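data_11.cif (mmCIF, C-alpha atoms and all ligand atoms) appears below.
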data_query
#
loop_
_atom_site.label_atom_id
_atom_site.label_comp_id
_atom_site.auth_asym_id
_atom_site.auth_seq_id
_atom_site.Cartn_x
_atom_site.Cartn_y
_atom_site.Cartn_z
CA MET A 1 37.48 23.25 28.51
CA ILE A 2 38.70 21.13 25.59
CA ILE A 3 35.99 19.14 23.81
CA TYR A 4 37.80 16.64 21.60
CA SER A 5 34.76 15.22 19.92
CA ARG A 6 32.45 17.82 18.42
CA ASN A 7 29.59 16.44 16.32
CA ARG A 8 28.82 19.92 15.01
CA ARG A 9 32.06 19.92 12.92
CA LEU A 10 30.34 17.76 10.32
CA ARG A 11 27.26 19.99 10.25
CA THR A 12 29.02 23.26 9.45
CA ASN A 13 27.68 23.70 5.93
CA ALA A 14 25.55 22.01 3.30
CA SER A 15 28.51 20.44 1.48
CA ILE A 16 29.90 18.64 4.49
CA ARG A 17 26.38 17.64 5.55
CA SER A 18 25.80 16.07 2.15
CA LEU A 19 29.07 14.11 2.40
CA VAL A 20 28.02 12.45 5.64
CA GLN A 21 24.36 11.95 4.76
CA GLU A 22 23.36 8.34 5.45
CA THR A 23 19.98 8.09 3.74
CA VAL A 24 19.01 9.52 0.36
CA LEU A 25 15.42 9.46 -0.88
CA THR A 26 14.99 9.07 -4.65
CA THR A 27 12.09 8.47 -7.01
CA ASN A 28 13.26 4.83 -7.15
CA ASP A 29 11.81 4.39 -3.68
CA LEU A 30 8.24 5.45 -4.47
CA VAL A 31 5.09 3.47 -5.23
CA MET A 32 1.90 5.40 -6.01
CA PRO A 33 -1.45 3.94 -4.89
CA ILE A 34 -4.16 4.70 -7.46
CA PHE A 35 -7.98 4.63 -7.23
CA VAL A 36 -9.88 3.70 -10.40
CA MET A 37 -13.62 3.96 -11.18
CA GLU A 38 -15.95 3.10 -14.07
CA GLY A 39 -16.66 5.62 -16.83
CA SER A 40 -14.64 7.90 -19.04
CA ASN A 41 -12.86 11.23 -18.86
CA THR A 42 -13.88 11.85 -15.25
CA GLN A 43 -12.10 12.34 -11.97
CA GLU A 44 -13.58 12.79 -8.51
CA SER A 45 -11.75 14.34 -5.62
CA ILE A 46 -11.59 12.57 -2.24
CA PRO A 47 -12.31 15.18 0.46
CA SER A 48 -10.18 13.57 3.17
CA MET A 49 -7.24 13.14 0.78
CA PRO A 50 -6.54 16.53 -0.84
CA GLY A 51 -4.84 16.16 -4.23
CA ILE A 52 -5.89 12.51 -4.65
CA TYR A 53 -8.60 11.46 -7.11
CA ARG A 54 -10.65 8.50 -8.22
CA ARG A 55 -10.17 8.46 -11.99
CA THR A 56 -11.69 6.61 -14.91
CA LEU A 57 -9.43 4.25 -16.83
CA ASP A 58 -8.48 6.70 -19.62
CA LEU A 59 -7.33 9.34 -17.12
CA THR A 60 -5.60 6.67 -15.03
CA VAL A 61 -3.48 5.66 -18.01
CA LYS A 62 -2.50 9.31 -18.58
CA GLU A 63 -1.60 9.64 -14.92
CA CYS A 64 0.60 6.53 -15.16
CA GLN A 65 2.39 7.96 -18.20
CA GLU A 66 3.04 11.15 -16.28
CA LEU A 67 4.23 9.32 -13.16
CA TYR A 68 6.59 7.17 -15.22
CA ARG A 69 8.11 10.22 -16.91
CA MET A 70 8.76 11.65 -13.45
CA GLY A 71 10.55 8.50 -12.34
CA VAL A 72 7.77 6.81 -10.35
CA LYS A 73 7.98 3.28 -11.69
CA ALA A 74 5.35 1.39 -9.70
CA VAL A 75 1.64 1.77 -9.05
CA ASN A 76 -0.61 -0.06 -6.60
CA LEU A 77 -4.17 -0.39 -7.91
CA TYR A 78 -7.53 -0.16 -6.11
CA MET A 79 -10.95 -0.31 -7.74
CA LYS A 80 -14.12 1.51 -6.72
CA VAL A 81 -16.70 -1.23 -7.26
CA SER A 82 -20.35 -0.33 -7.79
CA GLU A 83 -22.78 -1.74 -5.20
CA ASN A 84 -24.61 -3.96 -7.70
CA LEU A 85 -21.38 -5.91 -8.39
CA LYS A 86 -20.71 -6.69 -4.72
CA ASP A 87 -21.52 -10.01 -3.04
CA ASN A 88 -20.25 -12.03 -0.07
CA LYS A 89 -17.65 -13.95 -2.09
CA GLY A 90 -16.27 -11.00 -4.04
CA THR A 91 -17.04 -12.86 -7.30
CA GLU A 92 -16.44 -9.74 -9.40
CA SER A 93 -12.81 -9.69 -8.24
CA TRP A 94 -11.90 -12.58 -10.54
CA ASN A 95 -13.94 -11.43 -13.53
CA ASN A 96 -11.37 -11.47 -16.35
CA ASN A 97 -13.17 -8.51 -17.93
CA GLY A 98 -13.56 -6.63 -14.65
CA LEU A 99 -12.35 -3.08 -14.05
CA MET A 100 -9.14 -4.24 -12.31
CA GLN A 101 -8.20 -6.65 -15.08
CA THR A 102 -8.94 -4.07 -17.81
CA THR A 103 -6.92 -1.46 -15.94
CA ILE A 104 -3.90 -3.75 -15.52
CA LYS A 105 -3.92 -4.51 -19.26
CA ALA A 106 -4.35 -0.86 -20.26
CA ILE A 107 -1.47 0.35 -18.06
CA LYS A 108 0.89 -2.41 -19.21
CA ASP A 109 0.01 -1.66 -22.87
CA ALA A 110 0.58 2.09 -22.52
CA VAL A 111 3.54 2.05 -20.09
CA PRO A 112 5.21 -1.38 -20.31
CA GLY A 113 7.98 -0.37 -17.90
CA MET A 114 5.53 0.53 -15.14
CA ILE A 115 5.46 -2.12 -12.40
CA VAL A 116 1.77 -2.84 -11.85
CA MET A 117 0.85 -4.06 -8.37
CA PRO A 118 -2.86 -4.79 -7.98
CA ASP A 119 -4.30 -4.99 -4.47
CA VAL A 120 -5.47 -8.53 -3.73
CA ALA A 121 -8.28 -8.37 -1.16
CA LEU A 122 -12.04 -8.81 -1.19
CA ASP A 123 -13.15 -5.72 0.74
CA PRO A 124 -13.96 -3.42 -2.20
CA TYR A 125 -15.99 -6.29 -3.70
CA SER A 126 -17.68 -7.47 -0.49
CA ILE A 127 -21.24 -6.53 0.46
CA TYR A 128 -19.97 -6.63 4.06
CA GLY A 129 -16.84 -4.54 3.52
CA HIS A 130 -14.63 -7.33 4.86
CA ASP A 131 -11.42 -8.73 3.41
CA GLY A 132 -12.86 -12.20 3.76
CA ILE A 133 -15.92 -14.27 2.98
CA ILE A 134 -18.41 -14.36 5.87
CA THR A 135 -19.55 -17.84 6.95
CA ASN A 136 -21.83 -18.11 10.00
CA GLY A 137 -21.02 -14.57 11.04
CA LYS A 138 -17.24 -15.03 10.91
CA VAL A 139 -14.49 -14.24 8.44
CA ASP A 140 -13.80 -17.63 6.86
CA ASN A 141 -10.02 -17.93 6.38
CA ASP A 142 -9.76 -20.91 4.05
CA ALA A 143 -12.74 -20.08 1.82
CA THR A 144 -11.23 -16.60 1.47
CA ASN A 145 -7.88 -18.06 0.41
CA ASP A 146 -9.60 -19.94 -2.42
CA ALA A 147 -11.14 -16.68 -3.62
CA LEU A 148 -7.81 -14.85 -3.33
CA VAL A 149 -6.15 -17.47 -5.53
CA LYS A 150 -8.81 -16.98 -8.24
CA MET A 151 -8.40 -13.23 -8.00
CA SER A 152 -4.60 -13.52 -8.15
CA LEU A 153 -4.70 -15.72 -11.25
CA SER A 154 -6.97 -13.27 -13.06
CA HIS A 155 -4.58 -10.41 -12.18
CA ALA A 156 -1.61 -12.45 -13.41
CA GLU A 157 -3.49 -13.33 -16.61
CA ALA A 158 -4.13 -9.60 -17.18
CA GLY A 159 -0.39 -8.90 -16.94
CA ALA A 160 0.25 -7.83 -13.35
CA ASP A 161 3.91 -7.79 -12.31
CA ILE A 162 3.55 -8.12 -8.55
CA LEU A 163 0.45 -9.10 -6.57
CA ALA A 164 -0.12 -7.29 -3.29
CA PRO A 165 -2.36 -9.33 -0.96
CA SER A 166 -3.50 -6.98 1.82
CA ASP A 167 -6.06 -9.23 3.50
CA MET A 168 -4.11 -10.87 6.41
CA MET A 169 -5.64 -14.35 6.02
CA ASP A 170 -3.36 -17.12 7.31
CA GLY A 171 -1.65 -19.21 4.64
CA ARG A 172 -2.63 -17.07 1.70
CA VAL A 173 0.92 -16.44 0.47
CA SER A 174 1.56 -20.15 -0.03
CA ALA A 175 -1.91 -20.62 -1.55
CA ILE A 176 -1.30 -17.80 -4.05
CA ARG A 177 2.29 -18.93 -4.76
CA THR A 178 1.07 -22.47 -5.46
CA GLY A 179 -1.70 -21.15 -7.71
CA LEU A 180 0.76 -19.01 -9.67
CA GLU A 181 3.28 -21.84 -10.08
CA GLU A 182 0.61 -24.27 -11.22
CA GLY A 183 -0.86 -21.67 -13.55
CA GLY A 184 2.51 -21.05 -15.22
CA PHE A 185 2.94 -17.55 -13.79
CA THR A 186 6.33 -18.28 -12.29
CA ASP A 187 7.62 -14.72 -12.77
CA VAL A 188 4.72 -12.95 -11.06
CA GLY A 189 5.85 -11.69 -7.66
CA ILE A 190 4.06 -11.49 -4.31
CA LEU A 191 4.39 -8.42 -2.13
CA SER A 192 2.82 -9.64 1.07
CA TYR A 193 1.25 -7.36 3.64
CA ALA A 194 2.89 -9.44 6.36
CA ALA A 195 2.50 -7.13 9.34
CA LYS A 196 -0.66 -5.17 8.72
CA TYR A 197 -2.24 -3.71 11.83
CA ALA A 198 -5.94 -3.01 12.50
CA SER A 199 -5.55 0.76 12.37
CA SER A 200 -7.69 3.87 12.59
CA PHE A 201 -5.35 5.43 10.03
CA TYR A 202 -7.17 3.65 7.15
CA GLY A 203 -10.26 5.86 7.45
CA PRO A 204 -9.75 8.12 4.40
CA PHE A 205 -8.94 5.11 2.18
CA ARG A 206 -12.19 3.38 3.15
CA SER A 207 -14.17 6.50 2.34
CA ALA A 208 -12.40 6.72 -1.05
CA LEU A 209 -13.55 3.21 -1.98
CA ASP A 210 -16.69 3.02 0.16
CA SER A 211 -15.21 -0.19 1.55
CA ALA A 212 -15.58 0.15 5.34
CA PRO A 213 -17.07 -2.84 7.22
CA LYS A 214 -20.84 -2.43 7.13
CA GLU A 215 -22.94 -1.83 10.24
CA ASN A 216 -24.60 -5.19 10.71
CA ALA A 217 -25.09 -7.02 13.98
CA ASP A 218 -24.40 -10.41 12.36
CA ILE A 219 -20.86 -9.68 11.16
CA PRO A 220 -17.69 -8.45 12.88
CA LYS A 221 -17.78 -4.64 13.10
CA ASP A 222 -14.03 -4.24 12.58
CA LYS A 223 -11.06 -6.13 11.11
CA LYS A 224 -9.46 -7.14 14.41
CA THR A 225 -9.93 -10.88 13.88
CA TYR A 226 -7.46 -10.77 10.97
CA GLN A 227 -5.43 -7.55 11.07
CA MET A 228 -2.86 -7.29 13.88
CA ASP A 229 -3.30 -5.72 17.31
CA PHE A 230 -1.32 -2.48 17.53
CA HIS A 231 -0.17 -3.36 21.04
CA ASN A 232 2.05 -6.10 19.60
CA SER A 233 5.55 -6.17 18.17
CA ARG A 234 6.96 -9.73 18.52
CA GLU A 235 3.91 -11.05 16.69
CA ALA A 236 4.89 -8.94 13.67
CA MET A 237 8.13 -10.89 13.37
CA ASP A 238 6.22 -14.16 13.49
CA GLU A 239 3.90 -12.94 10.68
CA VAL A 240 6.86 -11.75 8.59
CA LEU A 241 8.90 -14.94 8.93
CA LYS A 242 5.88 -17.06 7.98
CA ASP A 243 5.28 -15.04 4.82
CA VAL A 244 8.98 -15.27 3.91
CA ALA A 245 8.80 -19.05 4.36
CA GLU A 246 5.63 -19.21 2.26
CA GLY A 247 7.39 -17.61 -0.71
CA ALA A 248 6.78 -13.86 -0.52
CA ASP A 249 9.17 -11.77 -2.63
CA ILE A 250 8.68 -8.49 -0.77
CA ILE A 251 7.40 -7.91 2.78
CA MET A 252 5.05 -5.04 3.64
CA ILE A 253 4.65 -3.32 7.00
CA LYS A 254 1.61 -1.09 7.41
CA PRO A 255 0.85 1.63 8.56
CA GLY A 256 4.13 3.55 8.25
CA MET A 257 5.01 6.43 10.54
CA PRO A 258 3.61 5.18 13.89
CA TYR A 259 5.10 1.71 13.17
CA LEU A 260 8.74 2.47 12.31
CA ASP A 261 9.92 0.47 15.34
CA ILE A 262 8.48 -2.59 13.58
CA VAL A 263 10.18 -1.64 10.31
CA ALA A 264 13.58 -1.27 12.01
CA LYS A 265 13.19 -4.59 13.80
CA VAL A 266 12.15 -6.48 10.66
CA ARG A 267 15.03 -4.84 8.73
CA GLU A 268 17.48 -6.38 11.21
CA ALA A 269 15.93 -9.80 10.80
CA ILE A 270 15.37 -10.33 7.07
CA ASP A 271 17.17 -9.64 3.80
CA LEU A 272 14.14 -9.56 1.49
CA PRO A 273 13.07 -6.10 0.32
CA ILE A 274 10.76 -4.28 2.72
CA ALA A 275 7.87 -2.08 1.62
CA VAL A 276 6.25 0.37 4.02
CA TYR A 277 2.78 1.86 3.47
CA ASN A 278 2.51 5.52 4.41
CA VAL A 279 -1.28 5.16 4.68
CA SER A 280 -4.21 7.43 3.92
CA GLY A 281 -4.61 8.71 7.50
CA GLU A 282 -0.96 9.72 7.65
CA TYR A 283 -1.41 11.60 4.37
CA ALA A 284 -4.63 13.23 5.60
CA MET A 285 -2.95 14.46 8.81
CA LEU A 286 -0.09 16.03 6.90
CA LYS A 287 -2.39 17.68 4.37
CA ALA A 288 -4.77 19.01 7.04
CA ALA A 289 -1.88 20.61 8.95
CA ALA A 290 -0.32 21.99 5.76
CA GLN A 291 -3.63 23.48 4.60
CA ASN A 292 -3.89 25.28 7.91
CA GLY A 293 -0.38 26.65 7.49
CA TRP A 294 0.76 24.65 10.51
CA LEU A 295 3.35 22.59 8.62
CA ASP A 296 5.48 23.19 5.53
CA ASN A 297 3.92 20.68 3.11
CA ASP A 298 6.97 20.05 0.92
CA LYS A 299 9.49 19.77 3.73
CA ALA A 300 7.20 17.53 5.79
CA ILE A 301 6.69 15.16 2.84
CA ILE A 302 10.39 14.76 2.12
CA GLU A 303 11.24 14.41 5.81
CA SER A 304 8.60 11.79 6.54
CA LEU A 305 9.44 9.67 3.48
CA THR A 306 13.19 9.90 4.15
CA CYS A 307 12.64 8.82 7.76
CA ILE A 308 10.59 5.82 6.62
CA LYS A 309 13.51 4.87 4.36
CA ARG A 310 16.00 5.45 7.21
CA ALA A 311 14.01 3.01 9.37
CA GLY A 312 14.62 0.31 6.76
CA ALA A 313 12.15 0.62 3.89
CA ASP A 314 13.34 -0.25 0.39
CA MET A 315 10.14 1.15 -1.11
CA ILE A 316 7.36 3.35 0.20
CA PHE A 317 3.72 3.24 -0.84
CA THR A 318 2.61 6.86 -0.50
CA TYR A 319 -0.14 9.12 -1.80
CA ALA A 320 2.55 11.83 -1.84
CA ALA A 321 4.59 9.92 -4.47
CA LYS A 322 3.86 12.35 -7.29
CA GLU A 323 4.44 15.44 -5.17
CA ALA A 324 7.64 13.91 -3.79
CA ALA A 325 8.83 13.09 -7.32
CA ILE A 326 8.27 16.70 -8.40
CA LEU A 327 10.26 17.92 -5.39
CA LEU A 328 13.06 15.38 -5.89
CA ASN A 329 13.36 16.26 -9.59
CA GLN A 330 13.78 19.99 -8.90
C1 LIG B 401 -7.88 -3.32 2.29
C2 LIG B 401 -6.87 -2.26 2.26
C3 LIG B 401 -6.86 -1.18 3.13
C4 LIG B 401 -5.79 -0.38 2.77
C5 LIG B 401 -5.14 -1.00 1.70
N1 LIG B 401 -5.81 -2.19 1.39
C6 LIG B 401 -7.81 -0.79 4.20
C7 LIG B 401 -8.21 -1.77 5.19
O1 LIG B 401 -7.51 -2.74 5.48
O2 LIG B 401 -9.31 -1.59 5.70
C8 LIG B 401 -5.47 0.90 3.46
C9 LIG B 401 -4.64 1.88 2.75
C10 LIG B 401 -4.66 3.23 3.31
O3 LIG B 401 -5.29 3.56 4.34
O4 LIG B 401 -4.00 4.07 2.69
N2 LIG B 401 -7.56 -4.57 1.92
#

Will you turn the file into structure tokens for me?
Amino acid sequence: MIIYSRNRRLRTNASIRSLVQETVLTTNDLVMPIFVMEGSNTQESIPSMPGIYRRTLDLTVKECQELYRMGVKAVNLYMKVSENLKDNKGTESWNNNGLMQTTIKAIKDAVPGMIVMPDVALDPYSIYGHDGIITNGKVDNDATNDALVKMSLSHAEAGADILAPSDMMDGRVSAIRTGLEEGGFTDVGILSYAAKYASSFYGPFRSALDSAPKENADIPKDKKTYQMDFHNSREAMDEVLKDVAEGADIIMIKPGMPYLDIVAKVREAIDLPIAVYNVSGEYAMLKAAAQNGWLDNDKAIIESLTCIKRAGADMIFTYAAKEAAILLNQ
């Protein structure tokens, strides 16, 4: 039998495979999420996220210097807020001398080239562990937007490059954009979590920040009234197009690996850069399997990040950013 078309011809050896390779992962694609806590010269490990730490500001700055030297040029910041600073409105989140604001300044002073992307959401600051202010037992969209604008302005004032609202309130991109324009922060970007699903894959992150919704009969027990339903796909496009129209600079889809159909679909539809969040639960699964010897850690990291890029991501938020950078630099 004569087979005229043989796909295996272009897989014969590593050289030919590299010539026909469609997707190449580089350190330019990586954004490292970072957890910061009060104090000095201390780091605490996070049991469900092996290799990831909550660090005090001084150690965070050192980590950023190291990341930057390795080619990781963006960090996404999260604060561990002590209980006594939490309230319903998340007031501490717009304290100009708060931990977030101090951290943004310190990183920009020490590593000016590092793109600093603070998380904009109330949950780490909320006594209820919600991304919104609770009014009469419900997450109050418009009151939350007002708080998010105050928080955004204080991040911009501290020197943030790109704000990353992860809350899923309606209309918050235009509210933040308006606030930034009126405040004179015309060059501060918005990376909008446009299609963020209510997902069980956020568990390890919430334990790292102690930010899970609190058990309380008077408030919603989960985030399903604002984060998307994982049964839906068309709705993601609606969310994305609204955020584009409201002035977002970059669109985020989250989680990553189980949601690559959404990434591919959005990639077809828009030309703005797309960020994908390879979330804490995805990281925890990979690490748990690798620790058991069930997966090759290094190969699984490079494969999963490359596949996220292949689906359409321009940048990937991943807890494996540093490990991936080490592997890519070898
Ligand atoms: C909260 C926020 C979450 C994550 C980023 N920002 C958790 C949530 O929505 O409950 C999750 C990140 C991860 O799991 O890695 N605004």

Would you mind listing the residues within 9 Å of ligand LIG 401 (chain B), counting all atoms listed in the file, as a PyMOL selection string?
chain A and resi 33+78+119-124+129-131+164-168+196-206+211-213+222-223+227+254-255+277-283+317-319

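The list of residues with at least one atom within 8 Å of range 299-306 of chain A, based on only C-alpha atoms and without residues fewer than 4 positions apart in the same chain, reads A:Thr23, A:Val24, A:Leu25, A:Met257, A:Leu286, A:Leu295, A:Arg310, A:Ile316, A:Ala320, A:Ala324.
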
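Counting all atoms listed in the file, the residue from A:Lys214, A:Tyr226, A:Ala194, A:Ser207 that sits nearest to Ile253 in chain A is A:Ala194.
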
Write out as a list in words each polymer residue whose atoms come within 12 Å of Arg177 in chain A, counting all atoms listed in the file; drop sequence neighbours fewer than 6 positions from it.
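Listing them by chain and then by number gives Asn145, Leu148, Val149, Lys150, Ser152, Leu153, Ala156, Ile162, Leu163, Ala164, Pro165, Gly171, Gly183, Gly184, Phe185, Thr186, Asp187, Val188, Gly189, Ile190, Leu191, Ser192, Asp243, Val244, Ala245, Glu246, Gly247, Ala248 and Asp249 of chain A.
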
Could you work out how far CA of Leu328 in chain A lies from CA of Ser18 in chain A, giving the answer in Å with one decimal?
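Separation between CA of Ser18 in chain A and CA of Leu328 in chain A: 15.1 Å.
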
What is the distance between CA of Ile134 in chain A and CA of Ile219 in chain A, in Å to one decimal?
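About the pair CA of Ile134 in chain A and CA of Ile219 in chain A: they are 7.5 Å apart.
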
Pick from A:Met169, A:Ala284, A:Ile262, A:Val111: nearest to Ile46 in chain A, with only C-alpha atoms counted?
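That would be A:Ala284, the residue with the smallest distance to Ile46 in chain A.
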
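Comparing A:Ala217, A:Met252, A:Ile308, A:Leu77 by their smallest distance to Pro273 in chain A, the closest is A:Met252 (using all atoms listed in the file).
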
Given 4 Å of margin on each side, can you work out the centre and size in Å (one decimal) of an axis-aligned box holding every listed atom of range 179-195 of chain A, as lines of an AutoDock Vina configuration file?
center_x = 3.0
center_y = -15.7
center_z = -2.9
size_x = 17.3
size_y = 25.1
size_z = 32.6

Atomic separation - CA of Asn141 in chain A relative to CA of Asp170 in chain A, Å:
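Distance reported for this atom pair: 6.8 Å.
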
Using all atoms listed in the file, which of the listed residues (A:Ile251, A:Ile326, A:Leu99, A:Asp218) sits closest to Ala275 in chain A?
A:Ile251

So which one's closest to Ala321 in chain A, A:Ile2, A:Ser40, A:Ile52, A:Arg9? Using only C-alpha atoms, please.
A:Ile52
